[in-house]
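Chemist: For reference, this is final38.cif, and it has mmCIF, C-alpha atoms.
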data_target
#
loop_
_atom_site.group_PDB
_atom_site.id
_atom_site.type_symbol
_atom_site.label_atom_id
_atom_site.label_comp_id
_atom_site.auth_asym_id
_atom_site.auth_seq_id
_atom_site.Cartn_x
_atom_site.Cartn_y
_atom_site.Cartn_z
ATOM 1 C CA MET A 3 107.721 79.933 121.165
ATOM 2 C CA GLU A 4 111.299 80.829 120.294
ATOM 3 C CA GLU A 5 112.251 84.514 120.399
ATOM 4 C CA ARG A 6 112.633 85.100 116.622
ATOM 5 C CA MET A 7 109.292 83.461 115.888
ATOM 6 C CA ARG A 8 107.697 85.434 118.691
ATOM 7 C CA GLN A 9 109.018 88.680 117.238
ATOM 8 C CA ILE A 10 107.756 87.850 113.726
ATOM 9 C CA VAL A 11 104.304 86.876 115.005
ATOM 10 C CA ASN A 12 104.103 90.012 117.144
ATOM 11 C CA GLU A 13 105.187 92.353 114.316
ATOM 12 C CA THR A 14 102.880 90.730 111.781
ATOM 13 C CA ALA A 15 99.880 90.728 114.110
ATOM 14 C CA ALA A 16 100.416 94.398 114.963
ATOM 15 C CA GLU A 17 100.687 95.286 111.262
ATOM 16 C CA VAL A 18 97.645 93.272 110.177
ATOM 17 C CA PHE A 19 95.337 94.282 113.010
ATOM 18 C CA SER A 20 96.254 97.969 113.025
ATOM 19 C CA THR A 21 96.178 98.387 109.222
ATOM 20 C CA MET A 22 93.083 96.370 108.342
ATOM 21 C CA PHE A 23 91.062 96.251 111.555
ATOM 22 C CA PHE A 24 92.183 99.423 113.370
ATOM 23 C CA ALA A 25 92.774 97.295 116.470
ATOM 24 C CA PRO A 26 96.063 97.603 118.367
ATOM 25 C CA ILE A 27 97.278 94.169 119.409
ATOM 26 C CA GLU A 28 100.335 92.794 121.171
ATOM 27 C CA LEU A 29 101.554 89.343 122.054
ATOM 28 C CA PHE A 30 101.237 88.974 125.840
ATOM 29 C CA PRO A 31 104.654 88.284 127.418
ATOM 30 C CA THR A 32 103.427 85.167 129.203
ATOM 31 C CA LEU A 33 100.087 83.440 129.442
ATOM 32 C CA PRO A 34 97.640 85.501 131.525
ATOM 33 C CA GLU A 35 96.807 84.159 134.962
ATOM 34 C CA PRO A 36 94.052 81.523 134.843
ATOM 35 C CA GLY A 37 91.837 83.950 136.768
ATOM 36 C CA GLN A 38 91.771 86.116 133.616
ATOM 37 C CA TRP A 39 90.792 83.228 131.350
ATOM 38 C CA PRO A 40 87.301 83.392 129.905
ATOM 39 C CA VAL A 41 84.951 80.652 131.069
ATOM 40 C CA GLY A 42 81.915 79.503 129.101
ATOM 41 C CA ALA A 43 81.732 82.597 126.896
ATOM 42 C CA PRO A 44 80.619 82.619 123.241
ATOM 43 C CA ALA A 45 83.537 82.877 120.836
ATOM 44 C CA ILE A 46 84.609 82.459 117.229
ATOM 45 C CA LYS A 47 87.284 79.931 116.368
ATOM 46 C CA ALA A 48 89.059 80.751 113.093
ATOM 47 C CA GLY A 49 92.005 78.918 111.636
ATOM 48 C CA ILE A 50 94.078 78.073 108.634
ATOM 49 C CA ALA A 51 96.558 75.364 107.687
ATOM 50 C CA TYR A 52 99.735 75.753 105.657
ATOM 51 C CA HIS A 53 101.591 73.109 103.697
ATOM 52 C CA GLY A 54 104.924 72.625 101.975
ATOM 53 C CA LYS A 55 108.387 73.350 103.306
ATOM 54 C CA LEU A 56 106.679 74.534 106.484
ATOM 55 C CA SER A 57 103.438 72.929 107.515
ATOM 56 C CA GLY A 58 101.084 73.322 110.423
ATOM 57 C CA ARG A 59 97.821 74.845 111.538
ATOM 58 C CA VAL A 60 96.944 77.964 113.510
ATOM 59 C CA TRP A 61 93.693 78.582 115.413
ATOM 60 C CA LEU A 62 92.582 81.962 116.751
ATOM 61 C CA TYR A 63 89.845 82.316 119.393
ATOM 62 C CA PHE A 64 88.028 85.663 119.383
ATOM 63 C CA SER A 65 85.480 86.675 122.003
ATOM 64 C CA LEU A 66 82.247 87.790 120.344
ATOM 65 C CA SER A 67 82.774 91.380 121.481
ATOM 66 C CA LEU A 68 86.271 91.466 119.991
ATOM 67 C CA ALA A 69 85.027 89.860 116.760
ATOM 68 C CA ALA A 70 82.211 92.395 116.486
ATOM 69 C CA SER A 71 84.513 95.339 117.114
ATOM 70 C CA ILE A 72 87.052 94.148 114.548
ATOM 71 C CA THR A 73 84.380 93.392 111.935
ATOM 72 C CA SER A 74 82.703 96.733 112.476
ATOM 73 C CA SER A 75 85.988 98.571 111.899
ATOM 74 C CA PHE A 76 86.922 96.399 108.924
ATOM 75 C CA LEU A 77 83.634 96.832 107.061
ATOM 76 C CA ALA A 78 82.717 100.286 108.396
ATOM 77 C CA VAL A 79 79.355 98.876 109.462
ATOM 78 C CA ALA A 80 77.694 99.426 112.871
ATOM 79 C CA GLU A 81 78.012 96.435 115.228
ATOM 80 C CA GLU A 82 74.196 96.108 115.479
ATOM 81 C CA GLU A 83 74.017 95.531 111.741
ATOM 82 C CA LEU A 84 76.550 92.707 111.602
ATOM 83 C CA SER A 85 75.367 89.215 110.762
ATOM 84 C CA ASP A 86 76.955 86.054 112.166
ATOM 85 C CA GLN A 87 78.245 85.278 108.680
ATOM 86 C CA LEU A 88 80.059 88.629 108.426
ATOM 87 C CA LEU A 89 81.721 87.940 111.789
ATOM 88 C CA LEU A 90 82.830 84.476 110.675
ATOM 89 C CA ASP A 91 84.109 85.737 107.306
ATOM 90 C CA THR A 92 86.063 88.567 108.873
ATOM 91 C CA MET A 93 87.690 86.303 111.460
ATOM 92 C CA LYS A 94 88.662 83.921 108.651
ATOM 93 C CA GLU A 95 90.254 86.850 106.859
ATOM 94 C CA ALA A 96 92.088 87.881 110.028
ATOM 95 C CA ALA A 97 93.525 84.369 110.404
ATOM 96 C CA ASN A 98 94.395 84.307 106.711
ATOM 97 C CA MET A 99 96.264 87.619 106.843
ATOM 98 C CA LEU A 100 98.090 86.869 110.096
ATOM 99 C CA VAL A 101 99.289 83.414 109.083
ATOM 100 C CA GLY A 102 99.970 84.492 105.478
ATOM 101 C CA GLY A 103 102.073 87.395 106.717
ATOM 102 C CA VAL A 104 104.076 85.237 109.108
ATOM 103 C CA LEU A 105 104.590 82.577 106.462
ATOM 104 C CA GLY A 106 105.810 85.181 103.953
ATOM 105 C CA LYS A 107 108.530 86.175 106.421
ATOM 106 C CA LEU A 108 109.492 82.642 107.485
ATOM 107 C CA ASP A 109 109.471 81.274 103.954
ATOM 108 C CA PRO A 110 110.316 84.065 101.478
ATOM 109 C CA GLU A 111 110.944 81.518 98.700
ATOM 110 C CA GLY A 112 107.255 80.632 98.818
ATOM 111 C CA ALA A 113 107.800 76.891 99.232
ATOM 112 C CA SER A 114 104.780 76.762 101.536
ATOM 113 C CA THR A 115 101.186 77.536 100.637
ATOM 114 C CA LEU A 116 98.171 78.515 102.673
ATOM 115 C CA GLY A 117 95.042 76.415 102.863
ATOM 116 C CA ILE A 118 91.511 77.780 102.830
ATOM 117 C CA PRO A 119 90.613 79.531 106.117
ATOM 118 C CA GLU A 120 87.722 78.232 108.190
ATOM 119 C CA ALA A 121 85.727 79.571 111.121
ATOM 120 C CA THR A 122 83.017 78.400 113.452
ATOM 121 C CA THR A 123 81.197 79.682 116.512
ATOM 122 C CA VAL A 124 81.854 78.131 119.910
ATOM 123 C CA ALA A 125 78.907 78.554 122.252
ATOM 124 C CA ASP A 126 80.763 78.170 125.550
ATOM 125 C CA PHE A 127 84.456 78.784 125.013
ATOM 126 C CA SER A 128 86.815 78.361 127.949
ATOM 127 C CA VAL A 129 90.590 78.646 127.700
ATOM 128 C CA ALA A 130 90.769 75.489 129.799
ATOM 129 C CA MET A 131 89.474 73.679 126.686
ATOM 130 C CA ILE A 132 92.657 74.562 124.751
ATOM 131 C CA ALA A 133 95.112 74.885 127.640
ATOM 132 C CA LYS A 134 96.876 71.646 126.707
ATOM 133 C CA GLU A 135 96.991 72.283 122.967
ATOM 134 C CA PRO A 136 100.412 73.062 121.465
ATOM 135 C CA GLY A 137 101.613 76.625 121.079
ATOM 136 C CA LEU A 138 99.042 78.359 123.271
ATOM 137 C CA GLN A 139 99.600 82.128 123.214
ATOM 138 C CA ALA A 140 97.554 85.198 124.089
ATOM 139 C CA PHE A 141 97.440 88.641 122.469
ATOM 140 C CA SER A 142 96.256 91.601 124.494
ATOM 141 C CA THR A 143 93.766 93.883 122.761
ATOM 142 C CA GLU A 144 91.593 96.787 123.864
ATOM 143 C CA ILE A 145 88.742 94.288 124.231
ATOM 144 C CA GLY A 146 90.303 91.467 126.217
ATOM 145 C CA PHE A 147 92.546 88.684 125.045
ATOM 146 C CA LEU A 148 92.782 87.011 121.668
ATOM 147 C CA TRP A 149 93.914 83.407 122.080
ATOM 148 C CA MET A 150 96.001 81.442 119.599
ATOM 149 C CA THR A 151 97.206 77.870 119.299
ATOM 150 C CA TYR A 152 99.549 76.575 116.637
ATOM 151 C CA ALA A 153 100.776 73.118 115.821
ATOM 152 C CA GLU A 154 103.578 72.431 113.387
ATOM 153 C CA GLY A 155 103.787 69.552 110.967
ATOM 154 C CA GLN A 156 100.095 68.695 110.633
ATOM 155 C CA MET B 28 85.094 107.024 80.699
ATOM 156 C CA ALA B 29 84.291 104.783 83.676
ATOM 157 C CA PHE B 30 86.050 101.463 84.189
ATOM 158 C CA ASN B 31 84.358 98.209 85.154
ATOM 159 C CA ILE B 32 86.106 96.173 87.820
ATOM 160 C CA LEU B 33 85.843 92.462 88.552
ATOM 161 C CA VAL B 34 86.760 91.447 92.121
ATOM 162 C CA ALA B 35 87.529 87.737 92.561
ATOM 163 C CA ASP B 36 87.925 86.579 96.165
ATOM 164 C CA ASP B 37 86.330 83.679 98.018
ATOM 165 C CA SER B 38 85.681 85.961 101.005
ATOM 166 C CA ALA B 39 82.504 88.015 100.593
ATOM 167 C CA THR B 40 83.708 90.442 103.249
ATOM 168 C CA MET B 41 87.021 90.930 101.475
ATOM 169 C CA ARG B 42 85.173 91.667 98.222
ATOM 170 C CA MET B 43 83.085 94.218 100.123
ATOM 171 C CA VAL B 44 86.180 95.885 101.594
ATOM 172 C CA ILE B 45 88.027 95.968 98.272
ATOM 173 C CA LYS B 46 85.026 97.539 96.534
ATOM 174 C CA LYS B 47 84.742 100.172 99.261
ATOM 175 C CA MET B 48 88.433 100.996 99.036
ATOM 176 C CA VAL B 49 88.321 101.219 95.242
ATOM 177 C CA ARG B 50 85.317 103.565 95.429
ATOM 178 C CA MET B 51 87.241 105.679 97.958
ATOM 179 C CA THR B 52 90.052 106.267 95.464
ATOM 180 C CA GLY B 53 87.892 108.716 93.531
ATOM 181 C CA LEU B 54 88.967 107.118 90.260
ATOM 182 C CA PRO B 55 86.371 106.834 87.453
ATOM 183 C CA ILE B 56 84.867 103.473 88.356
ATOM 184 C CA GLY B 57 81.785 102.117 86.586
ATOM 185 C CA ASP B 58 80.243 98.804 87.584
ATOM 186 C CA PHE B 59 81.614 96.159 89.915
ATOM 187 C CA ALA B 60 81.273 92.459 89.222
ATOM 188 C CA GLU B 61 82.136 89.781 91.776
ATOM 189 C CA ALA B 62 83.346 86.201 91.676
ATOM 190 C CA ALA B 63 84.107 83.741 94.479
ATOM 191 C CA ASN B 64 86.778 81.852 92.521
ATOM 192 C CA GLY B 65 88.630 81.764 89.222
ATOM 193 C CA ARG B 66 85.987 79.725 87.444
ATOM 194 C CA GLU B 67 83.261 82.222 88.319
ATOM 195 C CA ALA B 68 85.565 85.054 87.250
ATOM 196 C CA LEU B 69 86.045 83.509 83.804
ATOM 197 C CA ALA B 70 82.265 83.213 83.450
ATOM 198 C CA VAL B 71 81.890 86.910 84.301
ATOM 199 C CA LEU B 72 84.508 87.822 81.694
ATOM 200 C CA GLU B 73 82.487 85.949 79.074
ATOM 201 C CA SER B 74 79.321 87.894 79.823
ATOM 202 C CA SER B 75 80.455 91.395 80.839
ATOM 203 C CA TRP B 76 82.870 94.087 79.726
ATOM 204 C CA ILE B 77 85.617 94.179 82.372
ATOM 205 C CA ASP B 78 88.491 96.677 82.309
ATOM 206 C CA VAL B 79 90.477 95.486 85.334
ATOM 207 C CA LEU B 80 90.502 92.231 87.276
ATOM 208 C CA LEU B 81 91.418 92.299 90.982
ATOM 209 C CA THR B 82 91.952 88.790 92.304
ATOM 210 C CA ASP B 83 93.062 86.821 95.324
ATOM 211 C CA VAL B 84 95.627 84.033 94.846
ATOM 212 C CA ASN B 85 94.265 81.439 97.199
ATOM 213 C CA MET B 86 90.694 80.476 96.227
ATOM 214 C CA PRO B 87 88.857 77.153 96.070
ATOM 215 C CA GLU B 88 88.061 75.438 92.726
ATOM 216 C CA MET B 89 90.302 77.729 90.677
ATOM 217 C CA GLY B 90 92.965 79.935 92.243
ATOM 218 C CA GLY B 91 94.301 83.272 91.061
ATOM 219 C CA MET B 92 97.387 81.958 89.260
ATOM 220 C CA GLU B 93 95.305 79.531 87.212
ATOM 221 C CA LEU B 94 92.860 82.330 86.471
ATOM 222 C CA LEU B 95 95.702 84.566 85.302
ATOM 223 C CA ARG B 96 96.999 81.823 82.975
ATOM 224 C CA ALA B 97 93.505 81.365 81.526
ATOM 225 C CA VAL B 98 93.050 85.102 80.962
ATOM 226 C CA LYS B 99 96.436 85.557 79.330
ATOM 227 C CA SER B 100 95.933 82.601 77.005
ATOM 228 C CA ASP B 101 92.586 83.933 75.776
ATOM 229 C CA ASP B 102 92.769 86.135 72.674
ATOM 230 C CA VAL B 103 89.767 88.206 73.733
ATOM 231 C CA HIS B 104 90.713 88.798 77.391
ATOM 232 C CA ARG B 105 94.518 88.758 77.358
ATOM 233 C CA ASN B 106 94.806 92.582 77.525
ATOM 234 C CA ILE B 107 92.713 92.897 80.681
ATOM 235 C CA PRO B 108 95.108 93.968 83.460
ATOM 236 C CA VAL B 109 95.146 91.510 86.358
ATOM 237 C CA ILE B 110 96.066 92.792 89.823
ATOM 238 C CA PHE B 111 96.614 90.371 92.683
ATOM 239 C CA ILE B 112 95.524 91.278 96.211
ATOM 240 C CA SER B 113 96.736 88.536 98.496
ATOM 241 C CA THR B 114 98.228 87.446 101.782
ATOM 242 C CA GLU B 115 100.562 85.176 99.791
ATOM 243 C CA SER B 116 103.446 87.592 100.123
ATOM 244 C CA SER B 117 106.570 85.609 99.279
ATOM 245 C CA GLU B 118 108.900 87.095 96.667
ATOM 246 C CA CYS B 119 108.625 83.858 94.725
ATOM 247 C CA ARG B 120 104.835 84.120 94.413
ATOM 248 C CA MET B 121 105.046 87.771 93.325
ATOM 249 C CA THR B 122 107.750 86.996 90.766
ATOM 250 C CA GLU B 123 105.655 84.124 89.414
ATOM 251 C CA ALA B 124 102.652 86.440 89.074
ATOM 252 C CA LYS B 125 104.674 89.068 87.226
ATOM 253 C CA SER B 126 106.213 86.484 84.903
ATOM 254 C CA LEU B 127 102.724 85.214 84.015
ATOM 255 C CA GLY B 128 101.675 88.731 83.067
ATOM 256 C CA ALA B 129 100.119 90.202 86.231
ATOM 257 C CA ALA B 130 99.958 94.003 86.133
ATOM 258 C CA ALA B 131 100.625 94.388 89.869
ATOM 259 C CA TYR B 132 100.660 92.593 93.203
ATOM 260 C CA ILE B 133 99.226 94.146 96.363
ATOM 261 C CA LYS B 134 100.081 92.482 99.653
ATOM 262 C CA LYS B 135 97.511 92.265 102.449
ATOM 263 C CA PRO B 136 97.320 94.120 104.741
ATOM 264 C CA PHE B 137 97.037 97.171 102.512
ATOM 265 C CA VAL B 138 95.995 100.798 102.846
ATOM 266 C CA PRO B 139 93.623 102.658 100.481
ATOM 267 C CA GLU B 140 96.501 104.825 99.223
ATOM 268 C CA LYS B 141 98.258 101.727 97.899
ATOM 269 C CA ILE B 142 95.151 100.642 96.011
ATOM 270 C CA LYS B 143 94.820 104.129 94.522
ATOM 271 C CA GLU B 144 98.483 104.336 93.476
ATOM 272 C CA ILE B 145 98.428 100.995 91.694
ATOM 273 C CA LEU B 146 94.948 101.263 90.239
ATOM 274 C CA SER B 147 95.689 104.740 88.809
ATOM 275 C CA ALA B 148 98.657 103.410 86.883
ATOM 276 C CA VAL B 149 96.814 100.318 85.698
ATOM 277 C CA LEU B 150 93.705 102.267 84.654
ATOM 278 C CA ALA B 151 95.845 104.603 82.550
ATOM 279 C CA GLN B 152 97.091 101.523 80.751
ATOM 280 C CA ALA B 153 93.533 100.122 80.487
ATOM 281 C CA TYR B 154 92.386 103.440 79.024
ATOM 282 C CA ALA B 155 95.054 103.247 76.318
ATOM 283 C CA SER B 156 94.076 99.635 75.569
ATOM 284 C CA ARG B 157 90.395 100.419 75.314
ATOM 285 C CA LEU B 158 91.098 103.446 73.092
ATOM 286 C CA ALA B 159 93.273 101.308 70.818
ATOM 287 C CA ALA B 160 90.586 98.597 70.679
ATOM 288 C CA GLU B 161 87.876 101.121 69.847
ATOM 289 C CA THR B 162 90.047 102.796 67.199
ATOM 290 C CA ALA B 163 90.838 99.422 65.648
ATOM 291 C CA ALA B 164 87.152 98.473 65.671
ATOM 292 C CA ALA B 165 86.188 101.797 64.077
ATOM 293 C CA GLY B 166 88.919 101.319 61.448
ATOM 294 C CA ALA B 167 87.631 97.838 60.657
ATOM 295 C CA GLU B 168 84.120 99.211 60.200
ATOM 296 C CA VAL B 169 85.365 101.896 57.809
ATOM 297 C CA GLU B 170 87.313 99.270 55.817
ATOM 298 C CA ALA B 171 84.267 97.020 55.681
ATOM 299 C CA GLY B 172 82.195 99.981 54.479
ATOM 300 C CA GLU B 173 84.738 100.806 51.763
ATOM 301 C CA GLU B 174 84.741 97.186 50.601
ATOM 302 C CA GLU B 175 80.961 97.320 50.347
ATOM 303 C CA CYS B 176 81.265 100.467 48.189
ATOM 304 C CA ASP B 177 83.726 98.710 45.861
ATOM 305 C CA PHE B 178 81.117 96.111 45.141
#
Can the structure from this file be put into structure tokens for me?
Modeler:
Amino acid sequence: MEERMRQIVNETAAEVFSTMFFAPIELFPTLPEPGQWPVGAPAIKAGIAYHGKLSGRVWLYFSLSLAASITSSFLAVAEEELSDQLLLDTMKEAANMLVGGVLGKLDPEGASTLGIPEATTVADFSVAMIAKEPGLQAFSTEIGFLWMTYAEGQ
Amino acid sequence: MAFNILVADDSATMRMVIKKMVRMTGLPIGDFAEAANGREALAVLESSWIDVLLTDVNMPEMGGMELLRAVKSDDVHRNIPVIFISTESSECRMTEAKSLGAAAYIKKPFVPEKIKEILSAVLAQAYASRLAAETAAAGAEVEAGEEECDF
């Protein structure tokens, strides 16, 4: 990821996650060592496409504990009371806000539009599954890493 | 006087958060109605009294811009203030919304204070509109009564 893009993604993620989800977040300088990669853990995969002058798709991979913490803060509801659907909806919203915010900065003329966000659960997520996908990045959070892939021009 | 709010967003969680934040403003809010897209929002407007419409831009079936056009071209609903709450944050999109008659545009992420600031201003305007509508309706009733007397 080029430096300007990296800076925009980092700033936008920090703004979105601290303002809406009360979760400090920072783009990790490099990919964490493979020893720190989750293996076979349940996760939520949330993503959104964008089309127009800029086009592509971003996927975010949240561990269940991170998703629960974020959703609990977002909705002001205790983690024990959260349904799977609330977790999925909130992760969709997180992807929507992150990608929408980045797109607004990269394309201020609004020649690109967001698609409809989607999310699904992954029973046994391992970073090795996405290690060869384009644009793999990791954010550090208070509850482990948040993983992201992005592919342009899809 | 309490104001009825319609929240249109395809995300149920976002509708929940917006409603919570609006309640937190302490403004005189009456009932909330919800819609998952523009088409559902138009149906709600046909069946309920709504003072302010808060809507997302990007929704399936009918998006916020199309909804705004429909509201502003309807003689009955055109005075309902429409506020966008969206991640679509380009200047172009906000200018388009304003030119179509949107009352305000709130970018996500947002803080409760922003909602309060904008909603306060818009509700003041909604109050004036409702007062004018009620005065006009009362005037029409008086006129109708006078006409009946003439006969």
Chemist: Please find the residues of chain B near chain A - the criterion being any atom within 9 Å, counting all atoms listed in the file - and write them as a list in words.
Modeler: Ser38, Ala39, Thr40, Met41, Met43, Val44, Lys47, Asn85, Met86, Pro87, Ser113, Thr114, Glu115, Ser116, Ser117, Glu118, Cys119, Arg120, Lys134, Lys135, Pro136, Phe137 and Val138 of chain B
Chemist: Could you tell me how far atom CA of His53 of chain A lies from atom CA of Glu154 of chain A, in Å and to one decimal?
Modeler: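 If I compute the distance from atom CA of His53 of chain A to atom CA of Glu154 of chain A, I get 9.9 Å.
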Chemist: Closest to Asp58 of chain B among B:Ser74, B:Ser156, B:Thr82, B:Asn31, using all atoms listed in the file?
Modeler: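 The closest residue to Asp58 of chain B is B:Asn31.
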Chemist: May I ask which of the residues A:Ser74, A:Ser142, A:Ser57, A:Gln38 is the closest one to Ala130 of chain A, counting all atoms listed in the file?
Modeler: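 Checking each candidate against Ala130 of chain A, we get A:Gln38 as the closest.
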Chemist: If we count all atoms listed in the file and set the cut-off at 10 Å, which residues sit around Asp126 of chain A, ignoring sequence neighbours fewer than 2 positions away in its own chain? Please answer as a list of chain:residue names.
Modeler: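 Skipping anything fewer than 2 positions along the chain leaves A:Pro40, A:Val41, A:Gly42, A:Ala43, A:Pro44, A:Ala45, A:Thr123, A:Val124, A:Ser128, A:Met131.
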Chemist: Run the PyMOL selection byres ((chain A and resi 67) around 10) mentally over the shown coordinates, then write out the matched residues as a PDB file with C-alpha atoms, in the frame of the given file, using the chain letters and numbers from the document.
Modeler:
ATOM      1  CA  PRO A  44      80.619  82.619 123.241  1.00  0.00           C
ATOM      2  CA  ALA A  45      83.537  82.877 120.836  1.00  0.00           C
ATOM      3  CA  PHE A  64      88.028  85.663 119.383  1.00  0.00           C
ATOM      4  CA  SER A  65      85.480  86.675 122.003  1.00  0.00           C
ATOM      5  CA  LEU A  66      82.247  87.790 120.344  1.00  0.00           C
ATOM      6  CA  LEU A  68      86.271  91.466 119.991  1.00  0.00           C
ATOM      7  CA  ALA A  69      85.027  89.860 116.760  1.00  0.00           C
ATOM      8  CA  ALA A  70      82.211  92.395 116.486  1.00  0.00           C
ATOM      9  CA  SER A  71      84.513  95.339 117.114  1.00  0.00           C
ATOM     10  CA  ILE A  72      87.052  94.148 114.548  1.00  0.00           C
ATOM     11  CA  THR A  73      84.380  93.392 111.935  1.00  0.00           C
ATOM     12  CA  GLU A  81      78.012  96.435 115.228  1.00  0.00           C
ATOM     13  CA  ILE A 145      88.742  94.288 124.231  1.00  0.00           C
ATOM     14  CA  GLY A 146      90.303  91.467 126.217  1.00  0.00           C
TER      15      GLY A 146
END
Chemist: Specify as a PyMOL selection string each residue included when the PyMOL selection byres ((chain A and resi 34) around 10) is applied to this file.
Modeler: chain A and resi 30-33+35-39+139-142+147
Chemist: At what distance in Å, to one decimal, does atom CA of Ala80 of chain A lie from atom CA of Thr52 of chain B?
Modeler: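 Going from atom CA of Thr52 of chain B over to atom CA of Ala80 of chain A, I get 22.4 Å.
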Chemist: Quick one, how far is atom CA of Thr151 of chain A from atom CA of Leu138 of chain A?
Modeler: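 Atom CA of Leu138 of chain A lies 4.4 Å from atom CA of Thr151 of chain A.
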Chemist: Could you check the closest approach to Thr122 of chain A for each of A:Leu56, A:Lys134, A:Gly49, A:Met150 and tell me which residue wins, using all atoms listed in the file?
Modeler: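 Once distances to Thr122 of chain A are computed over all atoms listed in the file, the minimum belongs to A:Gly49.
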Chemist: For the point (99.2, 86.6, 78.5) in file coordinates, what residues are within 12 Å, counting only C-alpha atoms? Give the answer as a list of chain:residue names?
Modeler: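 Result, sorted by chain then residue number: B:Met92, B:Glu93, B:Leu94, B:Leu95, B:Arg96, B:Ala97, B:Val98, B:Lys99, B:Ser100, B:Asp101, B:Asp102, B:Val103, B:His104, B:Arg105, B:Asn106, B:Ile107, B:Pro108, B:Val109, B:Ala124, B:Lys125, B:Ser126, B:Leu127, B:Gly128, B:Ala129, B:Ala130.
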Chemist: Under the rule that only C-alpha atoms are counted, which of B:Trp76, B:Arg42, B:Ile56, B:Val71 is the nearest residue to Leu146 of chain B?
Modeler: B:Ile56
Chemist: At most 10 Å from (81.8, 94.7, 81.1), file frame, all atoms listed in the file: which residues, as a list in words?
Modeler: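 Answer for this query, in the requested form: Phe30, Asn31, Ile32, Leu33, Gly57, Asp58, Phe59, Ala60, Val71, Leu72, Glu73, Ser74, Ser75, Trp76, Ile77, Asp78 and Val79 of chain B.
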Chemist: Now that the selection is made, can you save its residues with C-alpha atoms as a PDB file, in the coordinates of the input?
Modeler:
ATOM      1  CA  PHE B  30      86.050 101.463  84.189  1.00  0.00           C
ATOM      2  CA  ASN B  31      84.358  98.209  85.154  1.00  0.00           C
ATOM      3  CA  ILE B  32      86.106  96.173  87.820  1.00  0.00           C
ATOM      4  CA  LEU B  33      85.843  92.462  88.552  1.00  0.00           C
ATOM      5  CA  GLY B  57      81.785 102.117  86.586  1.00  0.00           C
ATOM      6  CA  ASP B  58      80.243  98.804  87.584  1.00  0.00           C
ATOM      7  CA  PHE B  59      81.614  96.159  89.915  1.00  0.00           C
ATOM      8  CA  ALA B  60      81.273  92.459  89.222  1.00  0.00           C
ATOM      9  CA  VAL B  71      81.890  86.910  84.301  1.00  0.00           C
ATOM     10  CA  LEU B  72      84.508  87.822  81.694  1.00  0.00           C
ATOM     11  CA  GLU B  73      82.487  85.949  79.074  1.00  0.00           C
ATOM     12  CA  SER B  74      79.321  87.894  79.823  1.00  0.00           C
ATOM     13  CA  SER B  75      80.455  91.395  80.839  1.00  0.00           C
ATOM     14  CA  TRP B  76      82.870  94.087  79.726  1.00  0.00           C
ATOM     15  CA  ILE B  77      85.617  94.179  82.372  1.00  0.00           C
ATOM     16  CA  ASP B  78      88.491  96.677  82.309  1.00  0.00           C
ATOM     17  CA  VAL B  79      90.477  95.486  85.334  1.00  0.00           C
TER      18      VAL B  79
END
Chemist: For Tyr132 of chain B, list every protein, DNA or RNA residue within 7 Å, evaluated using only C-alpha atoms, and leave out those in the same chain fewer than 5 positions away; present the list as a PyMOL selection string.
Modeler: chain B and resi 110-112+121
Chemist: When you look at Gly58 of chain A with a cut-off of 8 Å (counting all atoms listed in the file), what residues show up, excluding the ones that are within fewer than 3 positions of it in the same chain? I need them as a PDB file with C-alpha atoms, in the frame of the given file.
Modeler:
ATOM      1  CA  ALA A  51      96.558  75.364 107.687  1.00  0.00           C
ATOM      2  CA  TYR A  52      99.735  75.753 105.657  1.00  0.00           C
ATOM      3  CA  HIS A  53     101.591  73.109 103.697  1.00  0.00           C
ATOM      4  CA  TYR A 152      99.549  76.575 116.637  1.00  0.00           C
ATOM      5  CA  ALA A 153     100.776  73.118 115.821  1.00  0.00           C
ATOM      6  CA  GLU A 154     103.578  72.431 113.387  1.00  0.00           C
ATOM      7  CA  GLY A 155     103.787  69.552 110.967  1.00  0.00           C
ATOM      8  CA  GLN A 156     100.095  68.695 110.633  1.00  0.00           C
TER       9      GLN A 156
END
